[in-house]
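Here is the file entry18.tsv (TSV, C-alpha atoms).
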```tsv
chain	number	residue	atom	x	y	z
A	1	MET	CA	72.92	72.75	108.96
A	2	GLN	CA	73.93	69.91	111.22
A	3	THR	CA	71.72	66.88	111.04
A	4	TRP	CA	71.36	63.35	112.30
A	5	SER	CA	73.03	60.66	110.24
A	6	PHE	CA	71.43	57.36	109.30
A	7	ARG	CA	72.97	54.35	107.68
A	8	ALA	CA	71.62	52.99	104.43
A	9	PRO	CA	72.67	50.73	101.60
A	10	PHE	CA	73.67	52.62	98.54
A	11	SER	CA	71.61	50.84	95.94
A	12	PHE	CA	67.91	50.17	95.42
A	13	PRO	CA	65.77	48.11	95.49
A	14	ASN	CA	67.69	46.54	98.40
A	15	LEU	CA	67.28	49.74	100.39
A	16	VAL	CA	67.91	49.22	104.05
A	17	ILE	CA	68.36	52.56	105.79
A	18	SER	CA	68.99	50.78	109.02
A	19	ALA	CA	69.54	51.95	112.59
A	20	PHE	CA	71.57	55.12	112.67
A	21	CYS	CA	75.13	55.34	113.85
A	22	LEU	CA	76.30	58.16	116.07
A	23	SER	CA	79.70	59.40	117.14
A	24	LEU	CA	80.55	59.45	120.81
A	25	PRO	CA	83.30	61.29	122.69
A	26	GLY	CA	86.70	59.71	122.20
A	27	GLY	CA	86.02	58.60	118.66
A	28	ARG	CA	83.74	55.71	119.62
A	29	SER	CA	80.67	54.89	117.60
A	30	THR	CA	77.81	52.63	118.49
A	31	LYS	CA	74.29	51.67	117.61
A	32	SER	CA	72.22	53.39	120.21
A	33	GLN	CA	69.09	52.92	122.23
A	34	ASP	CA	68.65	55.10	125.31
A	35	LEU	CA	72.03	56.79	124.70
A	36	CYS	CA	70.80	58.54	121.54
A	37	PRO	CA	69.05	61.58	122.99
A	38	ILE	CA	71.95	62.58	125.20
A	39	GLN	CA	74.93	61.70	123.00
A	40	SER	CA	73.92	62.84	119.56
A	41	CYS	CA	76.18	63.40	116.56
A	42	ALA	CA	74.67	66.83	115.91
A	43	MET	CA	73.61	69.88	117.88
A	44	ALA	CA	70.02	71.06	117.45
A	45	GLU	CA	69.82	74.56	116.00
A	46	THR	CA	66.06	75.01	116.35
A	47	GLU	CA	63.37	73.87	118.76
A	48	GLU	CA	62.10	71.39	116.17
A	49	GLU	CA	65.57	69.91	115.76
A	50	GLU	CA	65.85	69.60	119.52
A	51	VAL	CA	62.66	67.54	119.51
A	52	ALA	CA	64.14	65.39	116.77
A	53	SER	CA	67.25	64.81	118.89
A	54	ALA	CA	65.11	63.41	121.67
A	55	GLU	CA	63.09	61.18	119.37
A	56	ALA	CA	65.38	60.26	116.51
A	57	SER	CA	66.48	57.01	118.08
A	58	GLY	CA	63.53	55.44	116.31
A	59	PHE	CA	63.85	51.72	116.80
A	60	SER	CA	67.59	51.55	117.46
A	61	ASP	CA	67.73	48.64	119.86
A	62	LEU	CA	71.01	47.44	121.32
A	63	SER	CA	70.54	43.82	120.45
A	64	ASP	CA	73.22	42.17	122.49
A	65	SER	CA	74.19	41.44	126.09
A	66	GLU	CA	74.89	45.12	126.75
A	67	PHE	CA	72.10	45.65	129.22
A	68	LEU	CA	73.31	42.99	131.59
A	69	GLU	CA	76.27	43.59	133.80
A	70	VAL	CA	79.49	42.96	131.90
A	71	LEU	CA	80.81	40.81	134.71
A	72	ASP	CA	79.03	37.45	134.79
A	73	LEU	CA	79.07	35.29	137.88
A	74	GLU	CA	82.01	33.35	136.40
A	75	ASP	CA	83.97	36.62	136.28
A	76	THR	CA	83.41	37.57	139.91
A	77	GLN	CA	86.51	35.90	141.36
A	78	GLU	CA	88.89	37.59	138.93
A	79	SER	CA	87.18	40.97	139.19
A	80	ASN	CA	86.96	41.69	142.90
A	81	ALA	CA	88.71	45.02	142.42
A	82	SER	CA	86.03	46.33	140.12
A	83	LEU	CA	83.33	45.37	142.59
A	84	SER	CA	84.82	47.60	145.25
A	85	LYS	CA	84.59	50.70	143.08
A	86	PRO	CA	82.12	53.29	144.39
A	87	GLY	CA	78.76	53.26	142.65
A	88	PRO	CA	76.51	56.18	141.78
A	89	SER	CA	75.60	58.67	144.47
A	90	SER	CA	72.44	57.95	146.43
A	91	GLU	CA	71.82	61.70	146.74
A	92	LEU	CA	70.55	64.17	144.17
A	93	PRO	CA	70.22	67.98	144.18
A	94	GLY	CA	66.85	69.24	145.40
A	95	LYS	CA	65.00	72.42	144.40
A	96	ASP	CA	67.12	74.50	146.78
A	97	GLY	CA	70.36	72.95	145.53
A	98	LYS	CA	70.88	70.86	148.66
A	99	LEU	CA	71.41	67.13	148.32
A	100	ILE	CA	68.45	64.90	149.11
A	101	SER	CA	68.04	61.13	149.06
A	102	LEU	CA	67.04	59.39	145.86
A	103	GLU	CA	63.87	58.09	147.47
A	104	LYS	CA	62.86	61.57	148.71
A	105	TRP	CA	63.60	63.02	145.26
A	106	LYS	CA	61.30	60.48	143.62
A	107	ARG	CA	58.49	61.14	146.10
A	108	GLY	CA	58.74	64.83	145.25
A	109	LEU	CA	58.03	64.24	141.57
A	110	ASP	CA	54.50	65.24	140.65
A	111	VAL	CA	53.92	62.37	138.21
A	112	SER	CA	51.72	59.31	138.34
A	113	SER	CA	53.81	56.75	136.42
A	114	PRO	CA	57.40	55.97	135.36
A	115	MET	CA	56.37	56.59	131.74
A	116	GLU	CA	55.71	60.20	132.70
A	117	ARG	CA	58.64	60.48	135.09
A	118	PHE	CA	61.12	59.48	132.39
A	119	HIS	CA	59.21	61.38	129.66
A	120	LEU	CA	58.76	58.23	127.57
A	121	LYS	CA	56.39	57.88	124.64
A	122	TYR	CA	57.30	54.24	124.09
A	123	LEU	CA	59.49	51.46	125.45
A	124	TYR	CA	62.15	49.28	123.87
A	125	VAL	CA	62.04	45.51	123.86
A	126	THR	CA	65.31	45.58	125.81
A	127	ASP	CA	63.63	47.65	128.54
A	128	LEU	CA	61.32	44.74	129.28
A	129	SER	CA	63.95	42.05	128.81
A	130	THR	CA	66.27	43.77	131.32
A	131	GLN	CA	63.37	43.85	133.77
A	132	ASN	CA	63.54	40.07	133.47
A	133	TRP	CA	67.13	40.23	134.81
A	134	CYS	CA	66.56	42.79	137.56
A	135	GLU	CA	63.82	45.37	137.40
A	136	GLN	CA	65.28	47.53	140.15
A	137	GLN	CA	68.61	47.72	138.33
A	138	MET	CA	66.86	48.77	135.13
A	139	VAL	CA	65.09	51.57	137.03
A	140	TYR	CA	68.38	52.87	138.44
A	141	GLU	CA	69.82	52.93	134.92
A	142	LYS	CA	66.94	55.22	133.95
A	143	GLU	CA	67.15	57.38	137.06
A	144	LEU	CA	70.93	57.71	137.06
A	145	PRO	CA	71.95	57.79	133.37
A	146	GLY	CA	75.55	58.08	132.29
A	147	PHE	CA	76.98	55.71	134.91
A	148	LEU	CA	78.84	53.35	132.57
A	149	VAL	CA	81.99	51.63	133.79
A	150	PRO	CA	84.88	51.46	131.26
A	151	GLU	CA	84.69	47.66	131.06
A	152	LYS	CA	81.04	47.80	130.04
A	153	ALA	CA	81.68	50.57	127.51
A	154	ALA	CA	84.36	48.42	125.85
A	155	VAL	CA	81.97	45.49	125.56
A	156	LEU	CA	79.36	47.79	124.03
A	157	ASP	CA	81.85	48.89	121.39
A	158	THR	CA	82.89	45.37	120.48
A	159	GLY	CA	79.35	44.04	120.35
A	160	ALA	CA	78.22	46.93	118.15
A	161	CYS	CA	81.12	46.35	115.73
A	162	ILE	CA	80.28	42.67	115.39
A	163	HIS	CA	76.64	43.49	114.68
A	164	LEU	CA	77.68	46.07	112.10
A	165	ALA	CA	79.97	43.56	110.38
A	166	ARG	CA	77.08	41.10	110.14
A	167	GLU	CA	74.86	43.82	108.71
A	168	LEU	CA	77.43	44.77	106.08
A	169	GLU	CA	77.40	41.19	104.81
A	170	VAL	CA	73.97	41.75	103.26
A	171	HIS	CA	73.99	45.43	102.23
A	172	ASP	CA	76.12	48.56	101.89
A	173	LEU	CA	75.45	51.72	103.86
A	174	VAL	CA	75.00	55.38	103.02
A	175	THR	CA	74.08	58.42	105.11
A	176	ILE	CA	70.76	60.24	105.05
A	177	PRO	CA	70.58	63.54	106.98
A	178	ILE	CA	67.36	64.31	108.85
A	179	THR	CA	66.14	67.18	111.00
A	180	THR	CA	62.76	66.08	112.45
A	181	LYS	CA	61.38	63.10	114.31
A	182	GLU	CA	58.99	62.54	111.38
A	183	ASP	CA	61.97	62.10	109.07
A	184	ALA	CA	63.59	59.73	111.58
A	185	TRP	CA	60.55	57.46	111.53
A	186	ALA	CA	60.22	57.88	107.75
A	187	VAL	CA	63.68	56.36	107.38
A	188	LYS	CA	62.56	53.35	109.40
A	189	PHE	CA	59.42	52.99	107.30
A	190	LEU	CA	61.53	53.07	104.11
A	191	ASN	CA	63.61	50.28	105.61
A	192	ILE	CA	60.54	48.14	106.16
A	193	LEU	CA	59.21	48.81	102.65
A	194	SER	CA	62.48	47.72	101.09
A	195	MET	CA	63.18	44.80	103.42
A	196	ILE	CA	59.89	42.99	102.85
A	197	PRO	CA	60.46	42.23	99.13
A	198	THR	CA	64.13	41.48	99.85
A	199	LEU	CA	63.13	38.84	102.40
A	200	GLN	CA	60.65	37.31	99.97
A	201	SER	CA	63.05	37.28	97.01
A	202	GLU	CA	66.45	36.66	98.62
A	203	GLY	CA	65.36	34.89	101.79
A	204	ARG	CA	67.38	36.90	104.33
A	205	ILE	CA	67.35	40.36	105.95
A	206	ARG	CA	69.00	41.92	108.96
A	207	GLU	CA	68.11	44.74	111.37
A	208	PHE	CA	64.34	44.66	110.78
A	209	PRO	CA	62.42	47.31	112.80
A	210	VAL	CA	59.37	46.16	114.74
A	211	PHE	CA	56.74	48.09	116.70
A	212	GLY	CA	53.34	47.51	118.22
A	213	GLU	CA	51.09	48.30	121.15
A	214	VAL	CA	51.38	45.84	124.03
A	215	GLU	CA	49.19	46.25	127.11
A	216	GLY	CA	48.49	49.88	126.20
A	217	VAL	CA	52.16	50.82	125.69
A	218	LEU	CA	54.03	51.12	122.38
A	219	LEU	CA	56.94	48.70	122.23
A	220	VAL	CA	59.68	49.00	119.58
A	221	GLY	CA	62.83	47.09	118.72
A	222	VAL	CA	65.05	45.67	115.99
A	223	ILE	CA	65.27	42.01	114.97
A	224	ASP	CA	68.85	40.98	114.23
A	225	GLU	CA	68.03	38.59	111.39
A	226	LEU	CA	65.12	36.96	109.62
A	227	HIS	CA	65.59	34.22	107.05
A	228	TYR	CA	63.80	31.28	105.49
A	229	THR	CA	65.07	27.79	106.25
A	230	ALA	CA	65.41	25.01	103.67
A	231	LYS	CA	61.93	23.87	104.73
A	232	GLY	CA	60.46	27.31	104.07
A	233	GLU	CA	60.05	28.24	107.74
A	234	LEU	CA	60.67	31.83	108.83
A	235	GLU	CA	63.43	31.84	111.43
A	236	LEU	CA	64.46	34.69	113.73
A	237	VAL	CA	68.13	34.74	114.78
A	238	GLU	CA	69.31	36.88	117.67
A	239	LEU	CA	73.08	37.43	117.94
A	240	LYS	CA	74.58	37.64	121.42
A	241	THR	CA	78.30	38.32	121.85
A	242	ARG	CA	80.27	37.09	124.84
A	243	ARG	CA	83.35	38.68	126.39
A	244	ARG	CA	84.56	35.27	127.61
A	245	PRO	CA	84.41	32.03	125.58
A	246	VAL	CA	81.70	30.47	127.73
A	247	LEU	CA	77.95	30.22	127.39
A	248	PRO	CA	75.88	32.48	129.68
A	249	LEU	CA	74.21	31.39	132.87
A	250	GLU	CA	70.62	30.18	132.75
A	251	ALA	CA	69.43	33.50	134.20
A	252	GLN	CA	70.82	35.40	131.22
A	253	LYS	CA	69.50	32.81	128.77
A	254	LYS	CA	66.10	33.33	130.35
A	255	LYS	CA	66.33	37.07	129.66
A	256	ASP	CA	67.44	36.45	126.06
A	257	CYS	CA	64.61	33.97	125.46
A	258	PHE	CA	62.09	36.51	126.68
A	259	GLN	CA	63.58	39.13	124.34
A	260	VAL	CA	63.20	37.03	121.18
A	261	SER	CA	59.72	35.96	122.27
A	262	LEU	CA	58.75	39.63	122.45
A	263	TYR	CA	60.12	40.17	118.94
A	264	LYS	CA	57.94	37.35	117.63
A	265	HIS	CA	54.90	38.66	119.48
A	266	ILE	CA	55.29	42.12	117.91
A	267	PHE	CA	56.29	40.93	114.41
A	268	ASP	CA	53.39	38.49	114.20
A	269	ALA	CA	50.95	41.26	115.18
A	270	MET	CA	52.41	43.50	112.44
A	271	VAL	CA	51.97	40.98	109.63
A	272	GLN	CA	48.52	39.98	110.92
A	273	GLY	CA	47.26	43.57	110.66
A	274	LYS	CA	46.88	44.04	114.41
A	275	VAL	CA	49.07	47.17	114.52
A	276	THR	CA	47.34	50.38	113.39
A	277	THR	CA	48.46	53.82	112.29
A	278	ASP	CA	46.13	55.40	114.84
A	279	SER	CA	47.87	53.59	117.69
A	280	LEU	CA	51.33	54.55	116.42
A	281	ILE	CA	50.40	58.22	116.02
A	282	HIS	CA	48.72	58.27	119.43
A	283	HIS	CA	51.83	57.05	121.23
A	284	THR	CA	54.57	58.81	119.26
A	285	LYS	CA	52.73	62.11	118.66
A	286	LEU	CA	53.96	62.03	115.06
A	287	ARG	CA	52.47	64.44	112.53
A	288	PRO	CA	51.49	62.30	109.53
A	289	GLU	CA	50.63	65.35	107.42
A	290	LYS	CA	54.15	66.75	107.71
A	291	PRO	CA	56.02	66.74	104.35
A	292	LEU	CA	59.13	64.60	104.17
A	293	GLY	CA	62.49	66.35	104.35
A	294	PRO	CA	64.31	66.80	101.01
A	295	SER	CA	66.91	64.08	101.64
A	296	VAL	CA	64.36	61.51	102.79
A	297	LEU	CA	62.02	62.42	99.93
A	298	ARG	CA	64.80	62.01	97.38
A	299	HIS	CA	65.70	58.53	98.64
A	300	ALA	CA	62.04	57.52	98.73
A	301	GLN	CA	61.60	58.56	95.11
A	302	GLN	CA	64.80	56.76	94.08
A	303	GLY	CA	63.30	53.64	95.65
A	304	GLY	CA	60.18	53.98	93.53
A	305	PHE	CA	57.90	55.18	96.32
A	306	SER	CA	55.53	57.95	95.27
A	307	VAL	CA	55.05	59.68	98.60
A	308	LYS	CA	55.13	63.24	99.92
A	309	SER	CA	54.37	62.99	103.62
A	310	LEU	CA	54.97	60.70	106.56
A	311	GLY	CA	51.32	59.66	106.39
A	312	ASP	CA	51.79	58.46	102.82
A	313	LEU	CA	54.69	56.27	103.93
A	314	MET	CA	52.78	54.91	106.91
A	315	GLU	CA	49.90	53.87	104.67
A	316	LEU	CA	52.28	52.06	102.32
A	317	VAL	CA	54.01	50.29	105.21
A	318	PHE	CA	50.84	48.91	106.75
A	319	LEU	CA	49.50	47.81	103.37
A	320	SER	CA	52.79	46.11	102.55
A	321	LEU	CA	52.92	44.30	105.89
A	322	THR	CA	49.46	42.81	105.52
A	323	LEU	CA	49.33	42.18	101.74
A	324	SER	CA	52.79	40.74	101.11
A	325	ASP	CA	52.02	37.23	102.41
A	326	LEU	CA	54.63	37.47	105.14
A	327	PRO	CA	54.17	34.53	107.53
A	328	VAL	CA	54.46	34.62	111.28
A	329	ILE	CA	57.82	33.62	112.74
A	330	ASP	CA	58.16	29.84	113.03
A	331	ILE	CA	61.51	29.41	114.79
A	332	LEU	CA	63.30	31.49	117.44
A	333	LYS	CA	67.06	30.99	117.71
A	334	ILE	CA	69.75	32.69	119.82
A	335	GLU	CA	73.37	32.47	118.69
A	336	TYR	CA	76.14	33.10	121.20
A	337	ILE	CA	79.58	34.00	119.84
A	338	HIS	CA	82.91	34.91	121.43
A	339	GLN	CA	83.77	38.56	120.80
A	340	GLU	CA	87.50	38.13	120.35
A	341	THR	CA	87.53	35.09	118.07
A	342	SER	CA	84.01	35.19	116.54
A	343	THR	CA	83.72	31.53	117.48
A	344	VAL	CA	80.17	30.26	117.83
A	345	LEU	CA	79.85	29.09	121.43
A	346	GLY	CA	76.41	27.60	121.04
A	347	THR	CA	72.84	28.13	119.91
A	348	GLU	CA	69.56	28.09	121.78
A	349	ILE	CA	66.22	27.18	120.19
A	350	VAL	CA	63.46	28.99	122.05
A	351	ALA	CA	59.97	27.59	122.49
A	352	PHE	CA	57.42	30.39	122.23
A	353	GLU	CA	54.98	30.22	125.14
A	354	GLU	CA	52.37	32.88	124.42
A	355	LYS	CA	50.56	32.63	127.76
A	356	GLU	CA	53.81	32.95	129.70
A	357	VAL	CA	54.98	35.89	127.58
A	358	ARG	CA	51.69	37.74	128.05
A	359	GLY	CA	51.83	37.17	131.78
A	360	LYS	CA	55.34	38.60	132.05
A	361	VAL	CA	54.47	41.57	129.85
A	362	GLN	CA	51.44	42.40	132.01
A	363	HIS	CA	53.58	42.20	135.15
A	364	TYR	CA	56.34	44.44	133.75
A	365	MET	CA	53.94	46.96	132.24
A	366	ALA	CA	52.23	47.32	135.62
A	367	TYR	CA	55.41	49.05	136.82
A	368	TRP	CA	55.59	51.40	133.81
A	369	MET	CA	51.93	52.36	134.24
A	370	GLY	CA	52.51	53.21	137.91
A	371	HIS	CA	50.45	50.36	139.33
A	372	ARG	CA	53.24	48.98	141.52
A	373	GLU	CA	56.74	49.71	142.84
A	374	PRO	CA	59.83	48.26	141.10
A	375	GLN	CA	61.02	44.88	142.31
A	376	GLY	CA	64.52	43.47	142.71
A	377	VAL	CA	65.69	39.90	142.46
A	378	ASP	CA	64.46	37.00	144.55
A	379	MET	CA	66.70	35.67	147.33
A	380	GLU	CA	67.87	32.72	145.21
A	381	GLU	CA	69.18	35.19	142.59
A	382	ALA	CA	70.82	37.60	145.04
A	383	TRP	CA	74.19	36.64	143.49
A	384	LYS	CA	73.35	39.12	140.72
A	385	CYS	CA	73.91	41.93	143.22
A	386	ARG	CA	77.64	41.12	143.38
A	387	THR	CA	78.26	42.80	140.04
A	388	CYS	CA	75.58	45.51	140.22
A	389	ASN	CA	76.78	49.11	140.13
A	390	TYR	CA	73.81	50.17	142.26
A	391	ALA	CA	74.09	47.61	145.09
A	392	ASP	CA	75.11	50.22	147.67
A	393	ILE	CA	71.99	52.34	147.16
A	394	CYS	CA	69.52	49.59	146.29
A	395	GLU	CA	66.23	50.10	148.12
A	396	TRP	CA	65.20	46.52	147.42
A	397	ARG	CA	68.26	45.16	149.24
A	398	LYS	CA	67.81	47.59	152.15
A	399	GLY	CA	64.23	46.43	152.52
A	400	GLY	CA	65.27	42.78	152.65
A	401	GLY	CA	63.57	41.90	149.40
A	402	VAL	CA	60.79	44.48	149.75
A	403	HIS	CA	60.86	47.98	148.27
A	404	SER	CA	61.61	50.49	151.06
A	405	SER	CA	58.62	52.64	150.17
A	406	MET	CA	56.35	49.66	150.87
A	407	LEU	CA	57.75	49.40	154.40
A	408	GLU	CA	56.88	52.98	155.42
A	409	PRO	CA	53.12	52.45	155.99
A	410	GLN	CA	53.87	49.36	158.08
A	411	ALA	CA	56.38	51.31	160.19
A	412	LYS	CA	53.87	54.06	160.84
A	413	LYS	CA	51.23	51.51	161.79
A	414	ALA	CA	53.62	49.88	164.26
A	415	LYS	CA	54.07	53.21	166.02
```

Could you rewrite the structure in this file as C-alpha cells?
Amino acid sequence: MQTWSFRAPFSFPNLVISAFCLSLPGGRSTKSQDLCPIQSCAMAETEEEEVASAEASGFSDLSDSEFLEVLDLEDTQESNASLSKPGPSSELPGKDGKLISLEKWKRGLDVSSPMERFHLKYLYVTDLSTQNWCEQQMVYEKELPGFLVPEKAAVLDTGACIHLARELEVHDLVTIPITTKEDAWAVKFLNILSMIPTLQSEGRIREFPVFGEVEGVLLVGVIDELHYTAKGELELVELKTRRRPVLPLEAQKKKDCFQVSLYKHIFDAMVQGKVTTDSLIHHTKLRPEKPLGPSVLRHAQQGGFSVKSLGDLMELVFLSLTLSDLPVIDILKIEYIHQETSTVLGTEIVAFEEKEVRGKVQHYMAYWMGHREPQGVDMEEAWKCRTCNYADICEWRKGGGVHSSMLEPQAKKAK
C-alpha cells in the first residue's frame, strides 16, 4: 500500500521525525506547505487515505523567502523579459463550462469566508507573513494555484536543500509511512516529545513544530532553530536564503520580522499552557480515539512512549510542554545567506512588539473570517507590482488602490 513518507532521525532518544519530504515531477523534492495536498508522493487508495493526502502536510512550513516574488526590486532591470510574460488567466470556467471573470466566479461561491472558500481548517504562519508583503497577491496564489514560474521553482529547490543540509547537521533521517491524518499529526507530536529533552540537554534543535489558536483561527508553522546562548537565553534563528549576494529590501525584512514574531507568540503560548487539546481537535477535526498506525506505533514504542492512540500522544505533548521548564523565547534573529556560496550576508535582531503583532494579526484574520475584502499594497509600495505574476488581473490595481467589489455600490449610487 502506498503511503506518505516522513523524515526522521534513525536513533532515539534524539527522535526528530521532522517535516516530510515529497517527490515532485521531474525528480525535484521539497519541503512543502500548500503544495502538499496537490503534489503528493503517493496516490490515495481509499477515502480515508484521500483525506490524509489533504491534511498530511501537518506543520510543514516553507521557512524561507519562497513566498515573496523571486525577483527583488534590485533584479528588475536585468529581468525585464520575465516581467513581460503573460500571467494567469483572469477567466475561469463557470457551471455551464463557459469562461467567466474571476470576480464573477468568486461572487457565485456560496460561502461566507475565505476559510470556507479554500476549505481550510487552519492557516500557516507564512500565510499571514505573506499578507504583510501583499495580501491581494497571497489571495491570488490561493485562488489560482499551480502558477509557479521556473525561476521561482529553482529558488524553492535551492532554499529547501540548504534547509535540509542544516537539519542534517543535528540528526539523521528515516522514513515513516502513514495512511491517515491522525498518523500525520502523531508524527509531529513525536517530534515535539523528543525535541524538548534534546533542547534541554544538548542546547539546540531544528525544525520545531508550533501551533496555537490566534484570534479564533488555528495557526501552525515550523521554527528553523532554537538554541540556548552562552548566557542561557533561548534564541530563535530563522534562516533566509538569497538568490543574489545582497541583503533584502526593508519591505521584505518587515515581512520576515513579522514571521519570527508570530513564531514567538505561538511558542510562548504553548509552553505557558495556553494551547489546549480541545482547541486543536476543534479546528483540525482530528479523532483522538483513533489507534495509531503500526509504523507510527512502533516508532513511538521504540522511543519509550507508552501510547496507543492519538489522544494518548496529545496528552503527553501538552504535559511535556508545560512541565519541562521550557522558557519563552528571549531573542529573535534572522540570518540571511547567499544560496550559491552559503556566505552569511547579515543578521537581523528583531524586537518583539506584542501590541503591534496582535494588531496585525487581528487585521489579517479579519480577511480570513470574511469581515473585509483583501487589500493590495499602498501607493508608496506599488513598485512590488513590477514583479507580481498577477499584476494584469489585479482588482486592487484596477480600482486604484481600492478593491473593485467595493466600488460597485458607489457606482450604482451614482446612477

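With CA of His371 in chain A on one side and CA of Glu141 in chain A on the other, the separation reads 20.0 Å.
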
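Candidate residues A:Ile329, A:Val275, A:Met365, A:Ala186 were compared for distance to Gly311 in chain A, and the nearest is A:Ala186, using all atoms listed in the file.
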
Separation of CA of Lys274 in chain A from CA of Ser261 in chain A in Å: 17.1 Å

Counting all atoms listed in the file, which of A:Arg244, A:Arg386, A:Lys255, A:Arg204 gets nearest to Asp127 in chain A? A:Lys255

List every protein, DNA or RNA residue that has at least one atom no more than 10 Å from (67.0, 58.1, 134.3) in the file's coordinates, counting only C-alpha atoms, and write the result as a VMD selection string. chain A and resid 34 114 117 to 119 138 to 146

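When only C-alpha atoms are used to compute distances to Ser320 in chain A, the closest of the residues A:Thr180, A:Gln301, A:Ser113, A:Asn191 turns out to be A:Asn191.
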
Could you jot down the CA of Ile334 in chain A to CA of Glu238 in chain A separation for me, Å, one decimal place?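 Atom-to-atom, CA of Ile334 in chain A to CA of Glu238 in chain A, that is 4.7 Å.
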
Just checking: using all atoms listed in the file, which residue out of A:Gly273, A:Gly221, A:Pro197, A:Pro374 ends up closest to Tyr122 in chain A?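 Checking each candidate against Tyr122 in chain A, we get A:Gly221 as the closest.
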
Name all residues at most 10 Å from Lys254 in chain A (count all atoms listed in the file; drop same-chain ones fewer than 4 positions away) and give them as an MDAnalysis selection string. chainID A and resid 129 132:133 248:250 258:259 350

Taking all atoms listed in the file into account, which of A:Lys253, A:Lys121, A:His299, A:Lys290 comes nearest Glu213 in chain A?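 Looking only at the distances to Glu213 in chain A, the closest residue turns out to be A:Lys121.
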
For range 334-350 of chain A, what centre and edge lengths in Å (one decimal) does the axis-aligned box get once 5 Å is added on each side of all its listed atoms, as AutoDock Vina command-line options?
```
--center_x 75.5 --center_y 32.9 --center_z 119.3 --size_x 34.1 --size_y 21.4 --size_z 15.5
```

Of the candidates A:Gly346, A:Gly212, A:Pro177, A:Gly359, which shows the shortest atom-to-atom distance to Tyr263 in chain A, using only C-alpha atoms?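 The answer is A:Gly212, which sits nearest to Tyr263 in chain A.
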
Write out as an NGL selection string the residues lying within 8 Å of His227 in chain A, counting all atoms listed in the file and excluding same-chain residues fewer than 6 positions away. :A and (199 or 203-205 or 234-236)

Distance query 9 Å from (54.6, 37.1, 120.8) using all atoms listed in the file, result as a PDB file with C-alpha atoms, keeping the file's coordinate frame:
```pdb
ATOM      1  CA  VAL A 260      63.200  37.030 121.180  1.00  0.00           C
ATOM      2  CA  SER A 261      59.720  35.960 122.270  1.00  0.00           C
ATOM      3  CA  LEU A 262      58.750  39.630 122.450  1.00  0.00           C
ATOM      4  CA  TYR A 263      60.120  40.170 118.940  1.00  0.00           C
ATOM      5  CA  LYS A 264      57.940  37.350 117.630  1.00  0.00           C
ATOM      6  CA  HIS A 265      54.900  38.660 119.480  1.00  0.00           C
ATOM      7  CA  ILE A 266      55.290  42.120 117.910  1.00  0.00           C
ATOM      8  CA  PHE A 267      56.290  40.930 114.410  1.00  0.00           C
ATOM      9  CA  ASP A 268      53.390  38.490 114.200  1.00  0.00           C
ATOM     10  CA  ALA A 269      50.950  41.260 115.180  1.00  0.00           C
ATOM     11  CA  PHE A 352      57.420  30.390 122.230  1.00  0.00           C
ATOM     12  CA  GLU A 353      54.980  30.220 125.140  1.00  0.00           C
ATOM     13  CA  GLU A 354      52.370  32.880 124.420  1.00  0.00           C
ATOM     14  CA  VAL A 357      54.980  35.890 127.580  1.00  0.00           C
ATOM     15  CA  ARG A 358      51.690  37.740 128.050  1.00  0.00           C
TER      16      ARG A 358
END
```

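The shell of residues at most 10 Å from Asp325 in chain A, with all atoms listed in the file counted and near chain neighbours (fewer than 2 positions) removed, consists of Ile196, Gln200, Val271, Gln272, Ser320, Leu321, Thr322, Leu323, Pro327 and Val328 of chain A.
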
Can I get a file of range 315-323 of chain A from the given structure, N, CA, C and O atoms kept, as a PDB file, in the first residue's frame?
```pdb
ATOM      1  N   GLU A 315      -1.956  14.096  24.937  1.00  0.00           N
ATOM      2  CA  GLU A 315      -1.877  14.331  26.379  1.00  0.00           C
ATOM      3  C   GLU A 315      -0.423  14.439  26.827  1.00  0.00           C
ATOM      4  O   GLU A 315      -0.063  15.320  27.614  1.00  0.00           O
ATOM      5  N   LEU A 316       0.424  13.548  26.310  1.00  0.00           N
ATOM      6  CA  LEU A 316       1.846  13.585  26.653  1.00  0.00           C
ATOM      7  C   LEU A 316       2.502  14.882  26.176  1.00  0.00           C
ATOM      8  O   LEU A 316       3.324  15.471  26.886  1.00  0.00           O
ATOM      9  N   VAL A 317       2.138  15.317  24.976  1.00  0.00           N
ATOM     10  CA  VAL A 317       2.735  16.525  24.412  1.00  0.00           C
ATOM     11  C   VAL A 317       2.417  17.750  25.257  1.00  0.00           C
ATOM     12  O   VAL A 317       3.311  18.537  25.606  1.00  0.00           O
ATOM     13  N   PHE A 318       1.157  17.914  25.612  1.00  0.00           N
ATOM     14  CA  PHE A 318       0.772  19.100  26.368  1.00  0.00           C
ATOM     15  C   PHE A 318       1.332  19.080  27.788  1.00  0.00           C
ATOM     16  O   PHE A 318       1.682  20.130  28.333  1.00  0.00           O
ATOM     17  N   LEU A 319       1.452  17.893  28.366  1.00  0.00           N
ATOM     18  CA  LEU A 319       2.087  17.787  29.687  1.00  0.00           C
ATOM     19  C   LEU A 319       3.569  18.122  29.589  1.00  0.00           C
ATOM     20  O   LEU A 319       4.120  18.846  30.434  1.00  0.00           O
ATOM     21  N   SER A 320       4.216  17.610  28.558  1.00  0.00           N
ATOM     22  CA  SER A 320       5.642  17.857  28.379  1.00  0.00           C
ATOM     23  C   SER A 320       5.937  19.331  28.143  1.00  0.00           C
ATOM     24  O   SER A 320       6.921  19.874  28.664  1.00  0.00           O
ATOM     25  N   LEU A 321       5.093  19.998  27.365  1.00  0.00           N
ATOM     26  CA  LEU A 321       5.307  21.409  27.067  1.00  0.00           C
ATOM     27  C   LEU A 321       5.232  22.282  28.318  1.00  0.00           C
ATOM     28  O   LEU A 321       5.995  23.239  28.473  1.00  0.00           O
ATOM     29  N   THR A 322       4.322  21.951  29.189  1.00  0.00           N
ATOM     30  CA  THR A 322       4.090  22.802  30.363  1.00  0.00           C
ATOM     31  C   THR A 322       4.900  22.404  31.597  1.00  0.00           C
ATOM     32  O   THR A 322       5.099  23.224  32.491  1.00  0.00           O
ATOM     33  N   LEU A 323       5.385  21.148  31.648  1.00  0.00           N
ATOM     34  CA  LEU A 323       6.091  20.672  32.845  1.00  0.00           C
ATOM     35  C   LEU A 323       7.599  20.528  32.655  1.00  0.00           C
ATOM     36  O   LEU A 323       8.293  20.106  33.573  1.00  0.00           O
TER      37      LEU A 323
END
```
